[in-house]
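Listing of work-v1.txt, compact mmCIF, C-alpha atoms
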```
# COMPACT_ATOMS: atom_id res chain seq x y z
CA MET J 1 168.45 109.53 176.52
CA ILE J 2 167.36 106.03 177.54
CA ARG J 3 166.04 107.53 180.79
CA VAL J 4 163.74 109.89 178.89
CA ARG J 5 162.55 107.08 176.60
CA ILE J 6 161.59 104.91 179.55
CA ALA J 7 159.98 107.82 181.39
CA TYR J 8 157.86 108.71 178.35
CA ALA J 9 156.85 105.05 177.95
CA LEU J 10 155.87 104.88 181.64
CA GLY J 11 153.59 107.87 181.04
CA ALA J 12 151.96 106.01 178.15
CA LEU J 13 151.44 102.94 180.36
CA GLY J 14 149.99 105.11 183.12
CA LEU J 15 147.39 106.60 180.76
CA THR J 16 146.66 103.26 179.05
CA LEU J 17 145.67 101.44 182.25
CA PRO J 18 142.58 103.56 183.05
CA GLY J 19 141.91 104.49 179.41
CA GLN J 20 141.83 100.99 177.95
CA THR J 21 140.02 99.55 180.97
CA PHE J 22 137.36 102.22 180.60
CA GLY J 23 136.95 101.53 176.87
CA THR J 24 136.75 97.76 177.34
CA TYR J 25 134.60 97.38 180.46
CA VAL J 26 132.41 100.46 180.92
CA ALA J 27 129.54 98.95 178.90
CA PHE J 28 129.76 95.64 180.76
CA TYR J 29 129.75 97.41 184.12
CA TYR J 30 126.73 99.64 183.47
CA LEU J 31 124.62 97.11 181.57
CA ASP J 32 125.47 93.87 183.33
CA GLN J 33 126.44 94.97 186.83
CA VAL J 34 124.24 97.95 187.69
CA GLY J 35 121.34 97.40 185.30
CA LEU J 36 121.31 100.42 182.99
CA ALA J 37 119.10 99.84 179.95
CA ALA J 38 121.02 99.29 176.71
CA SER J 39 119.09 102.09 174.99
CA ALA J 40 119.98 104.53 177.76
CA PHE J 41 123.63 103.53 177.62
CA ALA J 42 123.62 103.95 173.81
CA LEU J 43 122.25 107.49 174.24
CA ALA J 44 124.95 108.31 176.79
CA ARG J 45 127.65 107.01 174.43
CA LEU J 46 126.19 109.06 171.56
CA VAL J 47 126.50 112.26 173.59
CA PHE J 48 129.95 111.11 174.68
CA SER J 49 130.99 110.56 171.03
CA VAL J 50 129.92 114.05 169.96
CA TRP J 51 131.86 115.72 172.76
CA ASP J 52 134.79 113.37 172.12
CA ALA J 53 134.99 114.60 168.52
CA VAL J 54 134.92 118.28 169.52
CA ASN J 55 137.28 118.44 172.47
CA ASP J 56 140.48 117.07 170.89
CA PRO J 57 141.04 120.04 168.51
CA LEU J 58 140.09 122.48 171.27
CA PHE J 59 142.59 121.06 173.77
CA GLY J 60 145.31 120.80 171.15
CA TYR J 61 144.90 124.45 170.20
CA LEU J 62 144.97 125.60 173.82
CA SER J 63 148.06 123.50 174.52
CA ASP J 64 149.97 125.03 171.59
CA ARG J 65 149.18 128.54 172.88
CA THR J 66 150.24 127.87 176.48
CA LYS J 67 153.33 129.67 177.82
CA THR J 68 154.64 128.87 181.30
CA PRO J 69 158.07 128.46 182.95
CA TRP J 70 157.34 124.71 183.07
CA GLY J 71 156.53 124.38 179.36
CA ARG J 72 153.38 124.04 177.29
CA ARG J 73 152.35 120.43 177.89
CA ARG J 74 153.42 119.42 181.41
CA PRO J 75 151.19 121.95 183.23
CA TRP J 76 148.10 120.56 181.46
CA LEU J 77 149.13 117.02 182.40
CA PHE J 78 149.65 117.98 186.04
CA LEU J 79 146.24 119.70 186.09
CA GLY J 80 144.38 117.01 184.15
CA LEU J 81 145.68 113.92 185.92
CA PRO J 82 143.81 114.20 189.30
CA PRO J 83 140.33 114.78 187.78
CA LEU J 84 141.00 112.03 185.22
CA LEU J 85 141.70 109.49 187.96
CA LEU J 86 138.77 110.73 190.06
CA ALA J 87 136.43 110.36 187.08
CA PHE J 88 137.75 106.84 186.45
CA TYR J 89 137.02 105.84 190.05
CA LEU J 90 133.55 107.42 190.02
CA THR J 91 132.67 105.72 186.73
CA PHE J 92 133.08 102.27 188.31
CA ASN J 93 131.64 103.15 191.73
CA VAL J 94 127.99 104.14 191.34
CA PRO J 95 126.58 105.21 194.74
CA GLU J 96 123.44 103.39 195.86
CA PRO J 97 121.09 106.42 195.49
CA PHE J 98 122.04 106.68 191.78
CA ARG J 99 121.35 103.04 190.89
CA GLN J 100 117.69 103.55 190.02
CA GLY J 101 115.83 104.92 186.98
CA GLN J 102 116.89 108.19 185.39
CA ALA J 103 119.40 108.91 188.13
CA LEU J 104 121.54 106.04 186.85
CA PHE J 105 121.45 107.40 183.29
CA TRP J 106 122.50 110.89 184.38
CA TYR J 107 125.24 109.52 186.63
CA CYS J 108 126.58 107.38 183.77
CA LEU J 109 126.46 110.30 181.32
CA GLY J 110 128.11 112.70 183.77
CA THR J 111 130.98 110.42 184.74
CA ILE J 112 131.85 109.27 181.21
CA LEU J 113 131.80 112.88 179.96
CA LEU J 114 134.05 113.90 182.84
CA PHE J 115 136.40 111.00 182.12
CA GLU J 116 136.50 111.69 178.39
CA THR J 117 137.22 115.39 178.92
CA PHE J 118 140.34 114.78 180.99
CA ALA J 119 141.38 111.70 179.02
CA ALA J 120 141.45 113.83 175.87
CA LEU J 121 143.32 116.62 177.67
CA THR J 122 146.03 114.29 178.98
CA TRP J 123 146.32 112.20 175.80
CA VAL J 124 146.77 115.23 173.52
CA ASN J 125 149.48 116.72 175.71
CA HIS J 126 151.34 113.46 176.23
CA ALA J 127 151.34 112.78 172.47
CA ALA J 128 152.36 116.36 171.68
CA LEU J 129 155.53 115.96 173.75
CA PHE J 130 156.85 113.15 171.56
CA PRO J 131 158.25 115.19 168.62
CA GLU J 132 159.79 117.70 171.02
CA LEU J 133 161.46 115.24 173.38
CA PHE J 134 162.90 113.05 170.64
CA ARG J 135 164.63 114.42 167.55
CA GLY J 136 165.78 112.49 164.50
CA GLN J 137 164.31 109.43 162.84
CA GLU J 138 166.33 106.76 164.64
CA GLU J 139 165.92 108.29 168.10
CA ARG J 140 162.18 108.60 167.57
CA ALA J 141 161.94 105.01 166.38
CA ARG J 142 163.78 103.77 169.49
CA ALA J 143 161.68 105.93 171.80
CA ASN J 144 158.44 104.83 170.19
CA ALA J 145 159.47 101.18 170.47
CA TRP J 146 159.62 101.62 174.25
CA ARG J 147 156.37 103.54 174.23
CA GLN J 148 154.46 100.94 172.22
CA GLY J 149 156.00 98.08 174.19
CA PHE J 150 154.60 99.57 177.39
CA TYR J 151 151.33 100.26 175.56
CA PHE J 152 150.97 96.56 174.71
CA LEU J 153 151.76 95.72 178.33
CA GLY J 154 148.94 98.06 179.34
CA LEU J 155 146.61 96.37 176.85
CA ALA J 156 147.44 92.95 178.25
CA VAL J 157 146.66 94.09 181.81
CA SER J 158 143.55 96.09 180.87
CA ILE J 159 141.98 93.41 178.68
CA ALA J 160 143.23 90.08 179.98
CA LEU J 161 143.83 90.58 183.71
CA THR J 162 141.00 92.96 184.59
CA PRO J 163 138.32 90.25 185.02
CA LEU J 164 140.54 88.59 187.63
CA VAL J 165 141.11 91.92 189.35
CA TYR J 166 137.46 93.00 189.58
CA THR J 167 136.46 89.49 190.66
CA ALA J 168 138.88 89.77 193.59
CA LEU J 169 138.49 93.47 194.46
CA GLY J 170 135.19 94.52 192.93
CA PHE J 171 134.91 97.20 190.26
CA SER J 172 135.53 100.05 192.69
CA GLY J 173 138.64 98.30 194.05
CA MET J 174 139.86 97.69 190.51
CA ALA J 175 139.38 101.37 189.64
CA LEU J 176 141.20 102.45 192.78
CA LEU J 177 144.13 100.12 192.09
CA TYR J 178 144.49 101.03 188.40
CA GLY J 179 144.01 104.72 189.11
CA ALA J 180 146.70 104.75 191.81
CA LEU J 181 149.13 102.77 189.66
CA GLY J 182 148.45 104.89 186.58
CA GLY J 183 148.80 108.11 188.54
CA VAL J 184 152.17 107.11 189.99
CA LEU J 185 153.49 106.16 186.54
CA VAL J 186 152.38 109.43 184.95
CA LEU J 187 153.88 111.45 187.80
CA LEU J 188 157.20 109.61 187.41
CA PHE J 189 157.12 110.56 183.74
CA LEU J 190 156.31 114.22 184.43
CA LEU J 191 159.05 114.55 187.04
CA SER J 192 161.63 112.95 184.73
CA VAL J 193 161.30 115.13 181.61
CA ARG J 194 161.73 118.79 180.75
CA GLU J 195 160.37 120.71 177.79
CA ASP J 196 162.43 122.78 175.38
CA PRO J 197 161.87 126.46 176.34
CA LYS J 198 162.58 127.51 172.74
CA ALA J 199 159.40 125.75 171.59
CA GLN J 200 157.22 128.49 173.08
CA GLU J 201 159.24 131.52 172.02
CA ALA J 202 157.37 132.19 168.76
CA GLU J 203 154.00 133.90 168.92
CA PRO J 204 151.33 131.19 168.43
CA LEU J 205 149.06 131.27 165.40
CA SER J 206 145.49 132.37 165.98
CA PHE J 207 142.69 129.81 165.77
CA LEU J 208 141.79 129.85 162.06
CA PRO J 209 145.34 130.00 160.65
CA ALA J 210 146.47 127.24 163.04
CA PHE J 211 143.88 124.84 161.66
CA ARG J 212 144.07 126.13 158.08
CA TYR J 213 147.78 125.28 157.82
CA THR J 214 147.15 121.86 159.34
CA LEU J 215 144.17 120.98 157.16
CA GLY J 216 145.98 122.23 154.07
CA ASN J 217 149.00 119.98 154.64
CA GLY J 218 148.89 117.25 151.98
CA ALA J 219 151.45 115.01 153.70
CA PHE J 220 149.42 115.15 156.91
CA TRP J 221 146.29 114.01 155.05
CA LEU J 222 148.11 111.14 153.34
CA TYR J 223 149.44 109.92 156.67
CA SER J 224 146.20 110.45 158.62
CA LEU J 225 143.96 108.70 156.08
CA ALA J 226 146.38 105.77 155.84
CA ALA J 227 146.43 105.56 159.64
CA LEU J 228 142.60 105.73 159.73
CA PHE J 229 142.28 102.72 157.42
CA LEU J 230 144.87 100.81 159.44
CA LEU J 231 143.13 101.62 162.72
CA PHE J 232 139.81 100.53 161.23
CA ALA J 233 141.31 97.22 160.09
CA VAL J 234 143.00 96.44 163.41
CA GLY J 235 139.92 97.53 165.36
CA LEU J 236 137.72 95.27 163.25
CA PHE J 237 140.11 92.36 163.84
CA GLY J 238 139.52 92.78 167.58
CA ALA J 239 135.76 93.31 167.37
CA ALA J 240 135.20 90.38 164.98
CA MET J 241 137.61 87.90 166.58
CA PRO J 242 135.17 86.36 169.12
CA PHE J 243 132.61 85.80 166.31
CA TYR J 244 135.31 84.45 163.98
CA ALA J 245 136.52 82.03 166.64
CA LYS J 246 133.00 80.81 167.38
CA TYR J 247 131.48 80.55 163.91
CA ALA J 248 134.44 80.09 161.55
CA LEU J 249 136.75 78.02 163.76
CA GLY J 250 134.26 76.41 166.17
CA LEU J 251 136.21 77.50 169.24
CA GLY J 252 135.21 78.40 172.79
CA PRO J 253 136.14 81.47 174.89
CA GLU J 254 139.47 80.03 176.10
CA ALA J 255 140.71 79.48 172.56
CA THR J 256 139.55 82.98 171.66
CA SER J 257 141.83 84.30 174.42
CA LEU J 258 144.71 82.40 172.82
CA LEU J 259 144.01 84.12 169.51
CA PHE J 260 144.12 87.52 171.19
CA ALA J 261 147.30 86.50 172.96
CA SER J 262 148.95 85.48 169.68
CA VAL J 263 148.48 89.04 168.42
CA LEU J 264 149.48 90.92 171.58
CA LEU J 265 152.41 88.71 172.59
CA SER J 266 153.93 88.83 169.11
CA ALA J 267 153.43 92.58 168.80
CA LEU J 268 155.20 93.32 172.10
CA PRO J 269 158.72 92.09 171.23
CA SER J 270 158.38 93.12 167.59
CA VAL J 271 158.41 96.83 168.44
CA PHE J 272 162.16 96.76 169.09
CA LEU J 273 162.78 94.92 165.83
CA TRP J 274 160.85 97.63 163.96
CA ALA J 275 162.97 100.33 165.60
CA ARG J 276 166.05 98.65 164.14
CA LEU J 277 164.45 98.18 160.73
CA ALA J 278 163.64 101.91 160.65
CA GLY J 279 167.38 102.57 160.71
CA VAL J 280 167.99 100.11 157.87
CA LEU J 281 165.03 100.81 155.58
CA GLY J 282 164.09 104.29 156.76
CA PRO J 283 160.81 104.91 158.64
CA LYS J 284 158.75 104.97 155.44
CA GLY J 285 160.28 101.77 154.06
CA ALA J 286 159.73 99.93 157.35
CA TRP J 287 156.18 101.34 157.57
CA LEU J 288 155.37 100.01 154.09
CA PHE J 289 156.77 96.62 155.09
CA ALA J 290 154.59 96.54 158.23
CA ILE J 291 151.48 97.46 156.23
CA ALA J 292 152.26 94.72 153.72
CA LEU J 293 152.51 92.17 156.55
CA LEU J 294 149.11 93.29 157.85
CA ALA J 295 147.61 92.93 154.37
CA LEU J 296 149.02 89.42 154.04
CA GLY J 297 147.66 88.49 157.48
CA ALA J 298 144.19 89.80 156.60
CA MET J 299 144.13 87.83 153.36
CA LEU J 300 145.23 84.63 155.11
CA LEU J 301 142.36 84.89 157.61
CA PHE J 302 140.00 83.57 154.94
CA TRP J 303 141.43 80.04 155.18
CA PRO J 304 142.14 78.71 158.74
CA GLN J 305 139.91 75.85 159.85
CA SER J 306 141.38 75.33 163.34
CA LEU J 307 143.13 77.13 166.17
CA GLY J 308 146.47 75.68 165.10
CA GLN J 309 146.09 77.17 161.63
CA ALA J 310 144.86 80.54 162.94
CA LEU J 311 147.58 81.16 165.54
CA PRO J 312 150.43 81.76 163.03
CA VAL J 313 148.22 84.26 161.21
CA GLY J 314 147.59 86.03 164.52
CA VAL J 315 151.35 86.23 165.07
CA LEU J 316 151.82 87.73 161.60
CA ILE J 317 149.13 90.34 162.28
CA GLY J 318 150.65 91.16 165.66
CA VAL J 319 154.09 91.76 164.16
CA GLY J 320 152.63 94.00 161.44
CA PHE J 321 150.55 95.87 164.01
CA GLY J 322 153.64 96.50 166.14
CA GLY J 323 155.42 98.02 163.15
CA VAL J 324 152.50 100.27 162.24
CA LEU J 325 152.39 101.65 165.79
CA VAL J 326 156.13 102.19 166.14
CA LEU J 327 156.67 103.88 162.78
CA GLY J 328 153.50 105.94 162.58
CA ASP J 329 154.48 108.50 165.20
CA VAL J 330 157.94 108.81 163.66
CA LEU J 331 156.40 109.82 160.33
CA LEU J 332 153.81 112.14 161.86
CA SER J 333 156.61 113.83 163.82
CA GLU J 334 158.42 114.54 160.56
CA VAL J 335 155.26 116.16 159.18
CA ILE J 336 155.22 118.41 162.26
CA ASP J 337 158.93 119.20 161.88
CA ARG J 338 158.45 120.27 158.25
CA ASP J 339 155.50 122.43 159.25
CA ALA J 340 157.59 124.11 161.97
CA GLU J 341 160.27 124.92 159.39
CA LEU J 342 157.61 126.55 157.21
CA THR J 343 155.65 128.46 159.86
CA GLY J 344 158.34 129.03 162.51
CA ARG J 345 156.02 127.54 165.16
CA ARG J 346 155.73 124.07 166.63
CA ARG J 347 152.08 123.03 166.73
CA GLU J 348 152.12 119.43 167.93
CA GLY J 349 148.90 119.96 169.88
CA VAL J 350 146.81 120.93 166.85
CA TYR J 351 148.29 118.19 164.68
CA TYR J 352 147.73 115.40 167.19
CA SER J 353 144.25 116.63 168.04
CA VAL J 354 143.11 116.76 164.40
CA TYR J 355 144.72 113.37 163.86
CA GLY J 356 142.73 112.05 166.83
CA PHE J 357 139.53 113.50 165.39
CA ILE J 358 140.13 111.75 162.04
CA ASN J 359 140.77 108.46 163.85
CA ARG J 360 137.32 108.65 165.45
CA LEU J 361 135.87 107.81 162.03
CA SER J 362 137.11 104.23 162.43
CA GLY J 363 134.18 103.55 164.78
CA PRO J 364 131.43 104.32 162.22
CA LEU J 365 133.36 102.33 159.59
CA GLN J 366 133.39 99.30 161.89
CA ALA J 367 129.65 99.73 162.56
CA LEU J 368 129.01 99.85 158.80
CA SER J 369 130.98 96.63 158.32
CA PHE J 370 128.81 94.83 160.89
CA ALA J 371 125.69 96.25 159.24
CA LEU J 372 126.66 94.57 155.96
CA LEU J 373 126.28 91.11 157.51
CA THR J 374 122.48 91.14 157.37
CA PRO J 375 121.94 92.01 153.68
CA LEU J 376 124.93 89.95 152.50
CA PHE J 377 124.69 86.85 154.70
CA GLY J 378 121.40 87.01 156.60
CA TYR J 379 123.10 87.29 159.99
CA VAL J 380 120.90 89.22 162.45
CA SER J 381 122.08 88.10 165.90
CA GLY J 382 123.26 85.08 167.82
CA GLU J 383 119.61 83.99 168.05
CA ALA J 384 119.14 84.44 164.29
CA PRO J 385 122.55 83.76 162.70
CA GLY J 386 121.22 83.13 159.21
CA PRO J 387 122.16 80.32 156.82
CA SER J 388 125.93 80.92 156.69
CA PRO J 389 127.39 82.55 159.81
CA GLU J 390 130.78 80.98 159.07
CA ALA J 391 131.00 82.79 155.73
CA ALA J 392 129.71 85.99 157.34
CA PHE J 393 132.51 86.18 159.87
CA ARG J 394 135.25 85.02 157.56
CA PHE J 395 134.18 87.93 155.38
CA LEU J 396 134.04 90.37 158.30
CA MET J 397 137.43 89.32 159.66
CA ALA J 398 139.25 89.35 156.34
CA GLY J 399 137.32 91.24 153.64
CA PRO J 400 136.89 94.85 154.86
CA PRO J 401 140.26 94.83 156.71
CA PHE J 402 142.13 93.59 153.62
CA LEU J 403 140.52 96.27 151.44
CA ALA J 404 141.24 98.99 154.03
CA ILE J 405 144.88 97.92 154.38
CA LEU J 406 145.33 98.01 150.60
CA LEU J 407 143.95 101.56 150.57
CA ALA J 408 146.35 102.46 153.38
CA LEU J 409 149.24 100.97 151.41
CA GLY J 410 148.35 103.05 148.35
CA LEU J 411 148.29 106.23 150.44
CA ALA J 412 151.51 105.30 152.24
CA LEU J 413 153.35 104.86 148.95
CA ARG J 414 152.56 108.51 148.14
CA PHE J 415 153.73 109.81 151.53
CA PRO J 416 156.63 112.18 150.75
CA TYR J 417 158.79 111.91 153.88
CA GLY J 418 160.57 109.23 155.89
CA ALA J 419 163.26 108.07 153.50
CA ARG J 420 166.35 106.57 155.07
CA GLY J 421 168.23 109.43 156.73
```

Starting from the coordinates I provided, produce the structure as structure tokens.
Amino acid sequence: MIRVRIAYALGALGLTLPGQTFGTYVAFYYLDQVGLAASAFALARLVFSVWDAVNDPLFGYLSDRTKTPWGRRRPWLFLGLPPLLLAFYLTFNVPEPFRQGQALFWYCLGTILLFETFAALTWVNHAALFPELFRGQEERARANAWRQGFYFLGLAVSIALTPLVYTALGFSGMALLYGALGGVLVLLFLLSVREDPKAQEAEPLSFLPAFRYTLGNGAFWLYSLAALFLLFAVGLFGAAMPFYAKYALGLGPEATSLLFASVLLSALPSVFLWARLAGVLGPKGAWLFAIALLALGAMLLFWPQSLGQALPVGVLIGVGFGGVLVLGDVLLSEVIDRDAELTGRRREGVYYSVYGFINRLSGPLQALSFALLTPLFGYVSGEAPGPSPEAAFRFLMAGPPFLAILLALGLALRFPYGARG
């Protein structure tokens, strides 16, 4: 089974490399490198966000209804991978005739929509394979530890190493390298796993019943809302960290990188510890422990005055974040298992797609948190930081995340599954 765990984790790494690089650097490329106006890019991302919210449920539903000799998920991954990698390359390789005026806007819009379409298609089907490939709480915890460990490796490459890569190879060379590497990893995964033919024997539910059962599942809502608040908190940590380092700690860019590293490098080895704790405490007990560590880390962010004081807090947050990632999919898989017992049909695609749609709400919540800085602290921009930018970013880094994590903890306590098996 270790072979399947590693293969599945390689698939996650292969999708993370282009996906995270796209999310981190697409704005920098179009605004700073090829000169697209910020307002035009914002309009393109707005259209992108609307389509992004719609396509996940659609692809999940289609995946659940697929019947082939090769399974339900793998054919979609084989079909979606080449256009995904092509779209990734085209996104970071604007031809000269499209670098002027409206042509640049339409090229940007077209490529990011193409990328998002096939990113959603591949992500939904890769995620939907998890509950089918791995059965039982402990096996899922071990498998997800490998998956999240490779995910953090992908984050480190995509965020930290990419500037070195595009400086050496250019953005088009970077896209070609990451696309080729990601494609090879995903193909290794696809050639190493097989789907359970019994999963597609039952007649699939039609569109409305498929979503009605999902949206009426109370355990699914408890888990998804808790996960939304946790994703919002962790996302806000990342978005606010450069401001926090500059205004609250008085640090430069290099020290900010060390803060990011304290989170990522502590999260990476912790995933295997959380897999073991899931066997001792049960997935729910370990999940609650991880959420509590995140809450403690958020609260402690109010006080550091130097890099040395902030780094241990970053380690604490990284360890808690690793636990949330490892245990979350184990608990969501149990929700799907219970649903399959009730309906006689496995519908991982619909569940993961609706879950992805709910997670999209973390973006507007982060935007709202930034919007609070002006009325509460007078912060407008770096050119007009107001009278107390230090207080503003201590609040942003610790206040909304701490409140969100407490809400997640309250929801998690009510989650009905995941006791020690």

* Non-local contacts of J:Glu138 (9 Å; all atoms listed in the file; under 2 positions in same chain excluded) as a PyMOL selection string -> chain J and resi 135-136+140-143+275-276+278-279+282-283+330+421

* Asked: Need the neighbours of (161.1, 98.3, 166.2): which residues are at most 9 Å away, counting only C-alpha atoms, as a list in words?
  ->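 Counting only C-alpha atoms, I find these residues within 9 Å of (161.1, 98.3, 166.2): Ala141, Arg142, Asn144, Ala145, Trp146, Pro269, Ser270, Val271, Phe272, Leu273, Trp274, Ala275, Arg276, Leu277, Ala278, Gly322, Gly323, Val326 and Leu327 of chain J.
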
* To do: Starting from the point (137.6, 96.0, 160.3), work out which residues of protein, DNA or RNA have an atom no more than 10 Å away when counting all atoms listed in the file; state them as JSON, numbers by chain.
  => {"J": [229, 230, 231, 232, 233, 234, 235, 236, 237, 238, 239, 240, 298, 362, 363, 365, 366, 367, 368, 369, 370, 396, 397, 398, 399, 400, 401, 402, 403, 404, 405]}

* Using all atoms listed in the file: which of J:Leu311, J:Leu187, J:Leu300, J:Arg3 has the shortest distance to J:Ala255 ->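 Counting all atoms listed in the file, the residue closest to J:Ala255 is J:Leu311.
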
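Distance-wise, atom CA of J:Ser192 and atom CA of J:Arg5 end up 10.1 Å apart.
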
* Using all atoms listed in the file, which residue out of J:Ala53, J:Gly170, J:Arg99, J:Asp64 lies closest to J:Gly35? ->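 The shortest atom-to-atom distance to J:Gly35 comes from J:Arg99.
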
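Around J:Leu411, within 10 Å and counting only C-alpha atoms, the residues found are J:Ala219, J:Trp221, J:Leu222, J:Tyr223, J:Ser224, J:Leu225, J:Ala226, J:Ala227, J:Phe229, J:Ile405, J:Leu406, J:Leu407, J:Ala408, J:Arg414, J:Phe415, once anything fewer than 3 positions away on its own chain is removed.
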
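Proximity ranking of J:Val50, J:Leu133, J:Leu332, J:Leu58 relative to J:Ala7 places J:Leu133 first, based on all atoms listed in the file.
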
* **For J:Ala103, the nearest of the candidates J:Thr374, J:Leu36, J:Ala87, J:Arg347, counting all atoms listed in the file** =>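 Going through J:Thr374, J:Leu36, J:Ala87, J:Arg347 one by one, the smallest distance to J:Ala103 is for J:Leu36.
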
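Of note, atom CA of J:Gly110 and atom CA of J:Val94 are spaced 11.4 Å apart.
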
* Find, counting only C-alpha atoms, the residue in J:Ile336, J:Leu228, J:Val380, J:Leu129 that gets nearest to J:Thr214. => J:Ile336

* Structure fact -> Correct to one decimal, the distance atom CA of J:Met241-atom CA of J:Phe321 is 15.4 Å

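Between J:Val157 and the residues J:Leu373, J:Ala120, J:Ile2, J:Leu264, the shortest atom-to-atom distance, using all atoms listed in the file, involves J:Leu264.
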
* Contacts of J:Leu176 at 10 Å or less, counting all atoms listed in the file, minus same-chain residues fewer than 3 places along, as a list of chain:residue names? ->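 Final neighbour list, sorted by chain and number: J:Pro18, J:Leu85, J:Leu86, J:Phe88, J:Tyr89, J:Leu90, J:Phe92, J:Asn93, J:Leu169, J:Gly170, J:Phe171, J:Ser172, J:Gly173, J:Gly179, J:Ala180, J:Leu181, J:Gly182.
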